[in-house]
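Structure, as structure tokens:
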Amino acid sequence: MKFTDGFWQMRDGVVASYATELRDLRLDTDRLTAYAAVKRVTRRGDTLNAPLITVEAHSPAEGVIGVRVTHHAGKRNPGPEFGLPGATGEATATTRRENGAAELTSGPLTLRLSESGAFGLDFLDGEGRLLTSAGAKGTAFATVPDGGHHMFAQLALGVGETVHGLGERFTPYVKNGQVVDIWQADGGTSSEQAYKNIPFYLSSRGYGVFVNHPGKVSFEVGSEAVGQVQFSVEDQTLEYFVIAGPTPKDVLARYTALTGRPALPPAWSFGLWLTTSFTTSYDEKTVTSFVEGMADRGIPLSVFHFDCFWMREYQWSDFEWDPEVFPDPVGMLTRLKARGLRICLWINPYIAQKSALYAEGAEKGYFVRTTDGDVWQWDKWQAGMALVDFTNPEATAWFQSKLRVLLDQGVDGFKTDFGERIPTDVVWHDGSDPERMHNYYTHLYNKAVFELLEKERGQGEAVLFARSATAGGQQFPVHWGGDCWSSFGAMAESLRGGLSLSLSGFGFWSHDIGGFEGTPDPAVFKRWLAFGLLSSHSRLHGSSSYRVPWEFGDEAVDVARQFTELKHRLMPYLYGAAVEAHRTGVPVMRPMLLEFPQDPAARTVDRQYLLGGDVLVAPVFTEDGQVEYYVPEGTWTHLLTGETVTGPAWRQEVHGFDSLPLLVRPGAVLPLGADVSRPDGDWLDGLELRVYAPAGTGDFTRTVTVPGLTGAPAATFQVVREGDTVRVTSDTARPYTVELVGEDALRVVRD
């Protein structure tokens with residue numbers, strides 16, 4: 001939200017008050033409280049009839065400093081609040097006064113406040129270097145013509161500094177120059193709206209900022225004051241956390257420790273998912289033909305998903321199979337699971353008036369109500385639909401009980417669709433602020449379903465396919481990119497969204513292979529197959545047309561088979577990256593910035609990524625196979641062909657549908673499985689360690705851990721190159737092979 005009219009003037013009717021002069025300062029052992037006047041005080045009379053801004057600084061966790069700015073402290077806050085599982089409650093900061101300044105330090109991060117001159121907050125790294133600052137207009141509030149009261153802050157941008165994250169945003173990957181409103185919306189992938197709005201950004205200078213407000217937060221990223229990131233909330237209080245690095249990985253580790261680390265999805269969920277699509281016609285015969293068609297063509301399939309019309313029309317959700325289409329659901333699921341498949345069902349948190357559950361929920365008070373006390377309803381999406389009130393524990397348990405019946409039938413997971421269009425003119429069971437609940441609702445919805453799955457299936461076996469999220473939602477994977485068109489442009493915008501979400505603390509991400517709306521051209525479908533199967537999770541799904549590969553020609557079948565089998569071979573490596581995401585918050589799909597923060601070219605690249613830490617993926621967005629991508633420093637090796645390319649350099653290449661730039665980092669050791677038929681096999685059976693030591697790599701030491709299906713280490717290998725010798729040691733008695741890719745003169749020694 002903009003308050004100024006250029007540099008000199010305010011917008012009509014806007015009155016802004018800025019923290020200008022420090023009037024009092026209190027230091028506790030682990031907390032700093034400052035009181036700032038909004039004008040220069042030259043005489044006692046200046047203290048009258050004027051506001052005072054209270055600024056409190058504290059540290060909820062090591063390397064994180066919170067700043068809470070308040071105008072009027074008496075405004076009631078009915079919630080909700082973001083859960084911060086990493087806020088220890090212990091003293092993690094120290095304070096001191098020195099050389100005319102007060103400081104609060106937490107780990108490698110220091111806030112400094114000068115006790116004289118203009119009011120301002122400086123944030124310094126562990127070496128004393130300035131990261132960012134809230135300067136002369138950096139701590140403020142404003143009133144606007146409609147009577148609204150907004151707290152806002154500005155943090156300075158350095159020359160060349162880039163801003164990333166803020167959720168799954170399909171606009172340009174670098175957020176500089178953009179206006180970003182943190183407000184859930186069902187807007188597809190081709191607009192400025194987003195399904196997953198996260199009030200957190202990551203700076204290329206090695207710090208992050210999280211605005212601790214679950215309602216609407218408006219960011220002006222160098223788009224009002226061009227050298228500042230401004231963020232504002234309509235409230236009397238604004239709290240934000242500055243999060244230390246020094247690397248982007250360190251920032252994400254601290255941020256996800258604070259807001260919650262991603263759960264580890266089950267290994268089977270990394271295989272290929274196939275769906276009925278949305279409005280297509282399907283029954284058990286259709287489903288069986290799809291499953292048999294995949295098997296007959298040698299395309300491994302792990303999960304089958306039933307979309308909305310597994311239930312009767314006008315009755316979403318009643319959580320009952322349409323008896324005319326699926327007369328024997330238990331038998332059908334038993335038959336599908338006998339083929340080794342897992343089952344996923346589509347759900348949403350809305351209860352249509354025609355559903356038998358509507359009367360039950362209305363009678364028991366399980367739905368959100370209007371300010372007049374009526375059940376809130378509308379006809380968008382489902383006729384007369386009501387909204388389950390997850391602030392009511394009884395309503396949550398009721399909703400879970402309906403899903404438990406489906407789990408007992410053999411369902412393994414749920415696609416938790418929707419959760420964005422949440423009204424603000426309503427009353428919640430627990431009295432929550434409707435404006436805050438608009439964004440936060442999805443968190444309660446996904447949490448309810450995920451926790452049910454964990455309870456019924458066990459920890460490590462729960463998986464969602466969720467569309468909406470807010471901060472902390474990364475705890476309930478997996479999330480997918482929502483409704484995109486079936487085009488190369490939509491494929492690229494989907495990737496931009498995924499990269500932004502990855503830099504917002506989300507470890508796992510997927511998208512609809514081939515696009516959702518429309519029917520993809522075979523070229524789009526085949527290119528998207530490679531991209532989709534080199535993502536953390538991979539799903540074939542459409543709207544009005546099927547996504548079975550043979551609908552797009554024999555070559556599409558071959559491409560689907562090739563890249564599904566490749567993903568299965570990569571599973572020992574990929575699941576290791578998944579375990580890392582679970583333990584550290586570093587995502588499986590990594591923007592180049594994460595691995596190469598010191599490389600200026602890597603900061604802005606948005607058409608490629610690293611899958612784990614060692615495999616560079618550059619999807620092809622053209623029919624003729626032309627692709628342009630960036631190679632960081634070193635000699636990289638193509639995973640499929642063994643060819644080498646040397647960086648730093650931009651490359652232009654042409655690839656067939658069976659290929660794409662897929663490069664392995666110099667010095668990498670990839671553990672590859674032998675079983676191409678499934679993602680969750682015995683990865684140590686026939687394991688191959690592929691050591692990449694091209695010319696010029698030099699000596700290196702790599703430790704590689706192959707996890708088991710629970711994520712616990714199954715085997716650990718140490719690979720050391722010294723001169724012309726590569727020495728491999730391990731803690732497993734299971735046989736394995738070592739393949740050396742690189743200089744011919746090298747020899748392998750196994751201890």
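How things are named: the first chain in the structure tokens is A, the next is B, and so on; residues count from 1 in each chain; ligands count from 1 in the order shown.
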Residue set, region 322-428 of chain A restricted to alpha helix (DSSP H), as number ranges by chain: A: 329-338, 356-364, 393-409
Could you make a table, as CSV, of the residues of region 159-245 of chain A that have an atom within 9 Å of an atom of region 601-606 of chain A, each with its nearest atom pair and distance in Å to one decimal, counting only C-alpha atoms, in chain and number order?
residue,atom,partner,partner_atom,distance
A:Thr162,CA,A:Arg603,CA,7.6
A:Pro172,CA,A:Asp606,CA,8.3
A:Tyr173,CA,A:Asp606,CA,6.2
A:Val174,CA,A:Thr604,CA,6.3
A:Ser204,CA,A:Arg603,CA,7.2
Taking 6 positions as the minimum chain separation for residues in the same chain, which residues sit within 8 Å of region 508-525 of chain A when counting only C-alpha atoms? Answer as a PDB file with N, CA, C and O atoms, in the first residue's frame.
ATOM      1  N   PRO A 477       3.360 -31.039   3.920  1.00  0.00           N
ATOM      2  CA  PRO A 477       3.552 -31.213   2.471  1.00  0.00           C
ATOM      3  C   PRO A 477       2.629 -32.299   1.934  1.00  0.00           C
ATOM      4  O   PRO A 477       2.102 -33.103   2.704  1.00  0.00           O
ATOM      5  N   VAL A 478       2.387 -32.275   0.583  1.00  0.00           N
ATOM      6  CA  VAL A 478       3.098 -31.544  -0.450  1.00  0.00           C
ATOM      7  C   VAL A 478       2.181 -30.434  -0.955  1.00  0.00           C
ATOM      8  O   VAL A 478       0.963 -30.511  -0.837  1.00  0.00           O
ATOM      9  N   HIS A 479       2.742 -29.403  -1.602  1.00  0.00           N
ATOM     10  CA  HIS A 479       1.942 -28.341  -2.202  1.00  0.00           C
ATOM     11  C   HIS A 479       2.156 -28.325  -3.712  1.00  0.00           C
ATOM     12  O   HIS A 479       3.245 -28.590  -4.193  1.00  0.00           O
ATOM     13  N   TRP A 480       1.068 -28.030  -4.427  1.00  0.00           N
ATOM     14  CA  TRP A 480       1.213 -27.953  -5.884  1.00  0.00           C
ATOM     15  C   TRP A 480       0.776 -26.576  -6.372  1.00  0.00           C
ATOM     16  O   TRP A 480       0.118 -25.831  -5.663  1.00  0.00           O
ATOM     17  N   GLY A 481       1.158 -26.261  -7.607  1.00  0.00           N
ATOM     18  CA  GLY A 481       1.091 -24.901  -8.106  1.00  0.00           C
ATOM     19  C   GLY A 481      -0.256 -24.383  -8.542  1.00  0.00           C
ATOM     20  O   GLY A 481      -0.356 -23.232  -8.958  1.00  0.00           O
ATOM     21  N   GLY A 482      -1.312 -25.194  -8.486  1.00  0.00           N
ATOM     22  CA  GLY A 482      -2.626 -24.673  -8.821  1.00  0.00           C
ATOM     23  C   GLY A 482      -2.925 -24.699 -10.304  1.00  0.00           C
ATOM     24  O   GLY A 482      -2.299 -25.404 -11.088  1.00  0.00           O
ATOM     25  N   ASP A 483      -3.896 -23.895 -10.709  1.00  0.00           N
ATOM     26  CA  ASP A 483      -4.497 -23.982 -12.042  1.00  0.00           C
ATOM     27  C   ASP A 483      -3.700 -23.160 -13.059  1.00  0.00           C
ATOM     28  O   ASP A 483      -3.729 -21.928 -13.048  1.00  0.00           O
ATOM     29  N   CYS A 484      -3.030 -23.859 -13.935  1.00  0.00           N
ATOM     30  CA  CYS A 484      -2.235 -23.220 -14.984  1.00  0.00           C
ATOM     31  C   CYS A 484      -2.765 -23.639 -16.349  1.00  0.00           C
ATOM     32  O   CYS A 484      -3.440 -24.659 -16.490  1.00  0.00           O
ATOM     33  N   TRP A 485      -2.438 -22.854 -17.352  1.00  0.00           N
ATOM     34  CA  TRP A 485      -2.838 -23.183 -18.718  1.00  0.00           C
ATOM     35  C   TRP A 485      -1.881 -24.227 -19.283  1.00  0.00           C
ATOM     36  O   TRP A 485      -0.801 -24.482 -18.729  1.00  0.00           O
ATOM     37  N   SER A 486      -2.262 -24.822 -20.381  1.00  0.00           N
ATOM     38  CA  SER A 486      -1.455 -25.867 -21.025  1.00  0.00           C
ATOM     39  C   SER A 486      -0.594 -25.246 -22.121  1.00  0.00           C
ATOM     40  O   SER A 486      -0.830 -25.446 -23.318  1.00  0.00           O
ATOM     41  N   SER A 487       0.427 -24.497 -21.697  1.00  0.00           N
ATOM     42  CA  SER A 487       1.272 -23.794 -22.652  1.00  0.00           C
ATOM     43  C   SER A 487       2.678 -23.683 -22.092  1.00  0.00           C
ATOM     44  O   SER A 487       2.909 -23.863 -20.897  1.00  0.00           O
ATOM     45  N   PHE A 488       3.627 -23.348 -22.977  1.00  0.00           N
ATOM     46  CA  PHE A 488       4.993 -23.146 -22.511  1.00  0.00           C
ATOM     47  C   PHE A 488       5.078 -21.958 -21.555  1.00  0.00           C
ATOM     48  O   PHE A 488       5.841 -21.975 -20.587  1.00  0.00           O
ATOM     49  N   ALA A 490       2.798 -20.928 -19.454  1.00  0.00           N
ATOM     50  CA  ALA A 490       2.305 -21.346 -18.144  1.00  0.00           C
ATOM     51  C   ALA A 490       3.285 -22.284 -17.453  1.00  0.00           C
ATOM     52  O   ALA A 490       3.401 -22.281 -16.220  1.00  0.00           O
ATOM     53  N   MET A 491       3.986 -23.069 -18.227  1.00  0.00           N
ATOM     54  CA  MET A 491       5.022 -23.934 -17.663  1.00  0.00           C
ATOM     55  C   MET A 491       6.110 -23.095 -16.999  1.00  0.00           C
ATOM     56  O   MET A 491       6.557 -23.384 -15.871  1.00  0.00           O
ATOM     57  N   SER A 494       4.751 -21.373 -13.860  1.00  0.00           N
ATOM     58  CA  SER A 494       4.664 -22.347 -12.767  1.00  0.00           C
ATOM     59  C   SER A 494       6.013 -22.507 -12.088  1.00  0.00           C
ATOM     60  O   SER A 494       6.107 -22.545 -10.853  1.00  0.00           O
ATOM     61  N   GLY A 498       7.149 -21.897  -8.199  1.00  0.00           N
ATOM     62  CA  GLY A 498       7.801 -22.904  -7.377  1.00  0.00           C
ATOM     63  C   GLY A 498       9.110 -22.424  -6.793  1.00  0.00           C
ATOM     64  O   GLY A 498       9.434 -22.708  -5.629  1.00  0.00           O
ATOM     65  N   SER A 502       9.957 -22.031  -2.864  1.00  0.00           N
ATOM     66  CA  SER A 502      11.122 -22.690  -2.276  1.00  0.00           C
ATOM     67  C   SER A 502      11.923 -21.724  -1.415  1.00  0.00           C
ATOM     68  O   SER A 502      12.508 -22.125  -0.404  1.00  0.00           O
ATOM     69  N   GLY A 532       8.357 -32.101 -14.975  1.00  0.00           N
ATOM     70  CA  GLY A 532       7.558 -32.627 -13.871  1.00  0.00           C
ATOM     71  C   GLY A 532       8.208 -33.792 -13.161  1.00  0.00           C
ATOM     72  O   GLY A 532       8.109 -33.916 -11.930  1.00  0.00           O
ATOM     73  N   SER A 535      10.952 -32.833 -10.683  1.00  0.00           N
ATOM     74  CA  SER A 535      10.494 -32.021  -9.560  1.00  0.00           C
ATOM     75  C   SER A 535      10.397 -32.933  -8.346  1.00  0.00           C
ATOM     76  O   SER A 535      10.474 -34.154  -8.465  1.00  0.00           O
ATOM     77  N   SER A 536      10.204 -32.350  -7.171  1.00  0.00           N
ATOM     78  CA  SER A 536      10.157 -33.220  -5.995  1.00  0.00           C
ATOM     79  C   SER A 536       8.997 -34.196  -6.106  1.00  0.00           C
ATOM     80  O   SER A 536       9.128 -35.377  -5.784  1.00  0.00           O
ATOM     81  N   HIS A 537       7.834 -33.715  -6.575  1.00  0.00           N
ATOM     82  CA  HIS A 537       6.674 -34.590  -6.748  1.00  0.00           C
ATOM     83  C   HIS A 537       6.087 -34.387  -8.143  1.00  0.00           C
ATOM     84  O   HIS A 537       6.180 -33.293  -8.706  1.00  0.00           O
ATOM     85  N   SER A 538       5.486 -35.433  -8.678  1.00  0.00           N
ATOM     86  CA  SER A 538       5.180 -35.484 -10.114  1.00  0.00           C
ATOM     87  C   SER A 538       3.758 -36.006 -10.325  1.00  0.00           C
ATOM     88  O   SER A 538       3.454 -37.148  -9.973  1.00  0.00           O
ATOM     89  N   ARG A 539       2.901 -35.163 -10.942  1.00  0.00           N
ATOM     90  CA  ARG A 539       1.504 -35.564 -11.118  1.00  0.00           C
ATOM     91  C   ARG A 539       0.986 -35.196 -12.499  1.00  0.00           C
ATOM     92  O   ARG A 539       1.136 -34.064 -12.955  1.00  0.00           O
ATOM     93  N   LEU A 540       0.361 -36.147 -13.144  1.00  0.00           N
ATOM     94  CA  LEU A 540      -0.340 -35.942 -14.411  1.00  0.00           C
ATOM     95  C   LEU A 540      -1.787 -35.590 -14.093  1.00  0.00           C
ATOM     96  O   LEU A 540      -2.536 -36.410 -13.545  1.00  0.00           O
ATOM     97  N   HIS A 541      -2.209 -34.360 -14.438  1.00  0.00           N
ATOM     98  CA  HIS A 541      -3.554 -33.927 -14.080  1.00  0.00           C
ATOM     99  C   HIS A 541      -4.014 -32.841 -15.033  1.00  0.00           C
ATOM    100  O   HIS A 541      -3.243 -31.963 -15.416  1.00  0.00           O
ATOM    101  N   GLY A 542      -5.293 -32.896 -15.413  1.00  0.00           N
ATOM    102  CA  GLY A 542      -5.871 -31.894 -16.288  1.00  0.00           C
ATOM    103  C   GLY A 542      -7.262 -31.512 -15.839  1.00  0.00           C
ATOM    104  O   GLY A 542      -7.793 -32.032 -14.856  1.00  0.00           O
ATOM    105  N   SER A 543      -7.878 -30.609 -16.585  1.00  0.00           N
ATOM    106  CA  SER A 543      -9.218 -30.133 -16.265  1.00  0.00           C
ATOM    107  C   SER A 543     -10.267 -30.860 -17.100  1.00  0.00           C
ATOM    108  O   SER A 543     -10.958 -31.741 -16.613  1.00  0.00           O
ATOM    109  N   SER A 544     -10.331 -30.528 -18.376  1.00  0.00           N
ATOM    110  CA  SER A 544     -11.387 -31.089 -19.222  1.00  0.00           C
ATOM    111  C   SER A 544     -10.874 -32.172 -20.168  1.00  0.00           C
ATOM    112  O   SER A 544     -11.626 -32.647 -21.022  1.00  0.00           O
ATOM    113  N   SER A 545      -9.614 -32.547 -20.021  1.00  0.00           N
ATOM    114  CA  SER A 545      -9.058 -33.604 -20.872  1.00  0.00           C
ATOM    115  C   SER A 545      -8.101 -34.460 -20.056  1.00  0.00           C
ATOM    116  O   SER A 545      -7.528 -34.010 -19.066  1.00  0.00           O
ATOM    117  N   ARG A 547      -4.780 -36.861 -19.089  1.00  0.00           N
ATOM    118  CA  ARG A 547      -3.341 -36.657 -19.198  1.00  0.00           C
ATOM    119  C   ARG A 547      -2.583 -37.983 -19.291  1.00  0.00           C
ATOM    120  O   ARG A 547      -1.415 -38.050 -18.930  1.00  0.00           O
ATOM    121  N   PHE A 552      -1.045 -38.342 -26.287  1.00  0.00           N
ATOM    122  CA  PHE A 552      -0.165 -37.361 -26.915  1.00  0.00           C
ATOM    123  C   PHE A 552       0.905 -38.019 -27.791  1.00  0.00           C
ATOM    124  O   PHE A 552       1.897 -37.386 -28.143  1.00  0.00           O
ATOM    125  N   GLY A 553       0.667 -39.288 -28.154  1.00  0.00           N
ATOM    126  CA  GLY A 553       1.544 -39.946 -29.106  1.00  0.00           C
ATOM    127  C   GLY A 553       2.506 -40.935 -28.479  1.00  0.00           C
ATOM    128  O   GLY A 553       2.752 -40.936 -27.275  1.00  0.00           O
ATOM    129  N   ALA A 556       5.490 -39.531 -26.509  1.00  0.00           N
ATOM    130  CA  ALA A 556       5.162 -39.092 -25.155  1.00  0.00           C
ATOM    131  C   ALA A 556       5.209 -40.266 -24.188  1.00  0.00           C
ATOM    132  O   ALA A 556       5.632 -40.124 -23.034  1.00  0.00           O
ATOM    133  N   ALA A 578      15.383 -34.918   0.395  1.00  0.00           N
ATOM    134  CA  ALA A 578      14.136 -34.757   1.143  1.00  0.00           C
ATOM    135  C   ALA A 578      14.392 -34.773   2.643  1.00  0.00           C
ATOM    136  O   ALA A 578      13.821 -33.979   3.400  1.00  0.00           O
ATOM    137  N   PRO A 587      15.172 -26.524   0.623  1.00  0.00           N
ATOM    138  CA  PRO A 587      14.226 -27.249  -0.225  1.00  0.00           C
ATOM    139  C   PRO A 587      14.893 -28.249  -1.153  1.00  0.00           C
ATOM    140  O   PRO A 587      16.090 -28.159  -1.443  1.00  0.00           O
ATOM    141  N   VAL A 588      14.098 -29.198  -1.638  1.00  0.00           N
ATOM    142  CA  VAL A 588      14.586 -30.172  -2.624  1.00  0.00           C
ATOM    143  C   VAL A 588      14.869 -29.478  -3.949  1.00  0.00           C
ATOM    144  O   VAL A 588      15.907 -29.708  -4.574  1.00  0.00           O
ATOM    145  N   MET A 589      13.943 -28.629  -4.397  1.00  0.00           N
ATOM    146  CA  MET A 589      14.129 -27.857  -5.623  1.00  0.00           C
ATOM    147  C   MET A 589      14.703 -26.502  -5.241  1.00  0.00           C
ATOM    148  O   MET A 589      14.031 -25.693  -4.596  1.00  0.00           O
ATOM    149  N   PHE A 621      11.553 -24.905 -22.781  1.00  0.00           N
ATOM    150  CA  PHE A 621      10.259 -24.237 -22.924  1.00  0.00           C
ATOM    151  C   PHE A 621       9.927 -23.952 -24.386  1.00  0.00           C
ATOM    152  O   PHE A 621       9.176 -23.022 -24.685  1.00  0.00           O
ATOM    153  N   THR A 622      10.478 -24.735 -25.302  1.00  0.00           N
ATOM    154  CA  THR A 622      10.223 -24.533 -26.725  1.00  0.00           C
ATOM    155  C   THR A 622       9.946 -25.869 -27.396  1.00  0.00           C
ATOM    156  O   THR A 622      10.425 -26.918 -26.952  1.00  0.00           O
ATOM    157  N   GLU A 623       9.194 -25.814 -28.483  1.00  0.00           N
ATOM    158  CA  GLU A 623       8.905 -27.031 -29.236  1.00  0.00           C
ATOM    159  C   GLU A 623      10.146 -27.544 -29.949  1.00  0.00           C
ATOM    160  O   GLU A 623      10.403 -28.752 -30.001  1.00  0.00           O
ATOM    161  N   PHE A 657      13.124 -34.342 -27.354  1.00  0.00           N
ATOM    162  CA  PHE A 657      12.154 -34.504 -26.274  1.00  0.00           C
ATOM    163  C   PHE A 657      12.640 -35.470 -25.199  1.00  0.00           C
ATOM    164  O   PHE A 657      12.116 -35.466 -24.084  1.00  0.00           O
TER     165      PHE A 657
END
So that I can check the secondary structure, give me every residue of region 296-333 of chain A assigned strand (DSSP E or B) by backbone DSSP, as a PDB file with all heavy atoms, in the first residue's frame.
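This is the output file out_26.pdb:
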ATOM      1  N   VAL A 303       0.773 -43.654  -7.695  1.00  0.00           N
ATOM      2  CA  VAL A 303      -0.419 -43.139  -7.017  1.00  0.00           C
ATOM      3  C   VAL A 303      -1.504 -42.888  -8.053  1.00  0.00           C
ATOM      4  O   VAL A 303      -1.230 -42.324  -9.121  1.00  0.00           O
ATOM      5  CB  VAL A 303      -0.116 -41.826  -6.261  1.00  0.00           C
ATOM      6  CG1 VAL A 303      -1.348 -41.355  -5.490  1.00  0.00           C
ATOM      7  CG2 VAL A 303       1.063 -41.993  -5.313  1.00  0.00           C
ATOM      8  N   PHE A 304      -2.735 -43.278  -7.711  1.00  0.00           N
ATOM      9  CA  PHE A 304      -3.869 -42.888  -8.544  1.00  0.00           C
ATOM     10  C   PHE A 304      -4.759 -41.961  -7.733  1.00  0.00           C
ATOM     11  O   PHE A 304      -5.104 -42.241  -6.579  1.00  0.00           O
ATOM     12  CB  PHE A 304      -4.691 -44.071  -9.037  1.00  0.00           C
ATOM     13  CG  PHE A 304      -5.616 -43.673 -10.154  1.00  0.00           C
ATOM     14  CD1 PHE A 304      -5.174 -43.684 -11.463  1.00  0.00           C
ATOM     15  CD2 PHE A 304      -6.901 -43.217  -9.889  1.00  0.00           C
ATOM     16  CE1 PHE A 304      -6.003 -43.259 -12.503  1.00  0.00           C
ATOM     17  CE2 PHE A 304      -7.732 -42.784 -10.916  1.00  0.00           C
ATOM     18  CZ  PHE A 304      -7.280 -42.810 -12.228  1.00  0.00           C
ATOM     19  N   HIS A 305      -5.139 -40.845  -8.375  1.00  0.00           N
ATOM     20  CA  HIS A 305      -5.933 -39.814  -7.707  1.00  0.00           C
ATOM     21  C   HIS A 305      -7.301 -39.690  -8.366  1.00  0.00           C
ATOM     22  O   HIS A 305      -7.417 -39.590  -9.590  1.00  0.00           O
ATOM     23  CB  HIS A 305      -5.214 -38.470  -7.777  1.00  0.00           C
ATOM     24  CG  HIS A 305      -6.092 -37.312  -7.396  1.00  0.00           C
ATOM     25  ND1 HIS A 305      -6.437 -37.046  -6.097  1.00  0.00           N
ATOM     26  CD2 HIS A 305      -6.718 -36.372  -8.159  1.00  0.00           C
ATOM     27  CE1 HIS A 305      -7.232 -35.984  -6.066  1.00  0.00           C
ATOM     28  NE2 HIS A 305      -7.418 -35.564  -7.300  1.00  0.00           N
ATOM     29  N   PHE A 306      -8.343 -39.660  -7.521  1.00  0.00           N
ATOM     30  CA  PHE A 306      -9.710 -39.416  -7.978  1.00  0.00           C
ATOM     31  C   PHE A 306     -10.045 -37.957  -7.699  1.00  0.00           C
ATOM     32  O   PHE A 306     -10.033 -37.516  -6.543  1.00  0.00           O
ATOM     33  CB  PHE A 306     -10.698 -40.307  -7.218  1.00  0.00           C
ATOM     34  CG  PHE A 306     -10.584 -41.770  -7.531  1.00  0.00           C
ATOM     35  CD1 PHE A 306      -9.636 -42.555  -6.891  1.00  0.00           C
ATOM     36  CD2 PHE A 306     -11.431 -42.370  -8.456  1.00  0.00           C
ATOM     37  CE1 PHE A 306      -9.527 -43.907  -7.157  1.00  0.00           C
ATOM     38  CE2 PHE A 306     -11.333 -43.727  -8.741  1.00  0.00           C
ATOM     39  CZ  PHE A 306     -10.375 -44.501  -8.094  1.00  0.00           C
ATOM     40  N   MET A 311     -17.435 -37.884  -5.977  1.00  0.00           N
ATOM     41  CA  MET A 311     -18.671 -37.616  -5.240  1.00  0.00           C
ATOM     42  C   MET A 311     -19.754 -37.167  -6.220  1.00  0.00           C
ATOM     43  O   MET A 311     -19.475 -36.811  -7.357  1.00  0.00           O
ATOM     44  CB  MET A 311     -18.431 -36.522  -4.192  1.00  0.00           C
ATOM     45  CG  MET A 311     -17.550 -36.943  -3.043  1.00  0.00           C
ATOM     46  SD  MET A 311     -17.286 -35.644  -1.804  1.00  0.00           S
ATOM     47  CE  MET A 311     -16.021 -34.652  -2.620  1.00  0.00           C
ATOM     48  N   TRP A 321     -18.918 -41.813  -2.022  1.00  0.00           N
ATOM     49  CA  TRP A 321     -18.743 -42.136  -3.435  1.00  0.00           C
ATOM     50  C   TRP A 321     -20.076 -42.053  -4.162  1.00  0.00           C
ATOM     51  O   TRP A 321     -21.123 -42.412  -3.610  1.00  0.00           O
ATOM     52  CB  TRP A 321     -18.176 -43.546  -3.581  1.00  0.00           C
ATOM     53  CG  TRP A 321     -16.777 -43.714  -3.050  1.00  0.00           C
ATOM     54  CD1 TRP A 321     -16.423 -43.975  -1.765  1.00  0.00           C
ATOM     55  CD2 TRP A 321     -15.569 -43.630  -3.804  1.00  0.00           C
ATOM     56  NE1 TRP A 321     -15.054 -44.060  -1.658  1.00  0.00           N
ATOM     57  CE2 TRP A 321     -14.503 -43.853  -2.898  1.00  0.00           C
ATOM     58  CE3 TRP A 321     -15.273 -43.389  -5.145  1.00  0.00           C
ATOM     59  CZ2 TRP A 321     -13.166 -43.846  -3.296  1.00  0.00           C
ATOM     60  CZ3 TRP A 321     -13.950 -43.383  -5.541  1.00  0.00           C
ATOM     61  CH2 TRP A 321     -12.906 -43.604  -4.629  1.00  0.00           C
TER      62      TRP A 321
END
All residues 9 Å or closer to Trp310 (chain A), only C-alpha atoms, same chain fewer than 3 positions away omitted, as a PyMOL selection string: chain A and resi 282-283+306-307+319-322+325-326+345-346
Gly431 (chain A) surroundings by only C-alpha atoms, 12 Å radius, close-in-sequence under 3 positions cut, as an MDAnalysis selection string: chainID A and resid 76:80 368:369 371 389:392 426:428 434:437
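Nearest residue to Thr710 (chain A) among A:Gln459, A:Thr641, A:Ser355, A:Thr732 is A:Gln459, counting only C-alpha atoms.
Going from CA of Val615 (chain A) to CA of Val664 (chain A) covers 4.7 Å.
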Best match for closeness to Gly742 (chain A) among A:Gly686, A:Pro707, A:Gly120, A:Gly667, counting only C-alpha atoms: A:Gly667
Go through region 694-729 of chain A and flag each residue having an atom no more than 10 Å from region 257-270 of chain A; for those, report the closest pair of atoms plus their distance in Å to one decimal, using only C-alpha atoms, ordered by chain and rising number, as JSON lines.
{"residue": "A:Gly708", "atom": "CA", "partner": "A:Ala267", "partner_atom": "CA", "distance": 9.3}
{"residue": "A:Leu709", "atom": "CA", "partner": "A:Ala267", "partner_atom": "CA", "distance": 6.2}
{"residue": "A:Thr710", "atom": "CA", "partner": "A:Pro266", "partner_atom": "CA", "distance": 7.7}
{"residue": "A:Gly711", "atom": "CA", "partner": "A:Leu264", "partner_atom": "CA", "distance": 7.7}
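In terms of minimum interatomic distance to Gln228 (chain A), A:Gly135 ranks closest within A:Pro661, A:Gly135, A:Pro619, A:Pro600, counting only C-alpha atoms.
Minimum atom-to-atom distance to Leu594 (chain A), evaluated using only C-alpha atoms, belongs to A:Gly206 out of A:Gly340, A:Gly83, A:Gly206, A:Gly723.
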Contacts of Ala142 (chain A) at 8 Å (only C-alpha atoms; same-chain gap of 4+ positions) as a ChimeraX atom specification: /A:3,14-17,149-152
Spatial neighbours of Phe367 (chain A), max dist 7 Å, only C-alpha atoms, sep filter under 6 positions, as a ChimeraX atom specification: /A:361,375,386-389
Do you have, as a Markdown table, the list of residues of region 121-225 of chain A lying at most 10 Å from region 35-47 of chain A, each with its nearest atom pair and that distance in Å to one decimal, counting only C-alpha atoms and ordered by chain then number?
| residue | atom | partner | partner_atom | distance |
| --- | --- | --- | --- | --- |
| A:Thr139 | CA | A:Ala36 | CA | 9.4 |
| A:Ala140 | CA | A:Val38 | CA | 8.4 |
| A:Phe141 | CA | A:Val38 | CA | 9.8 |
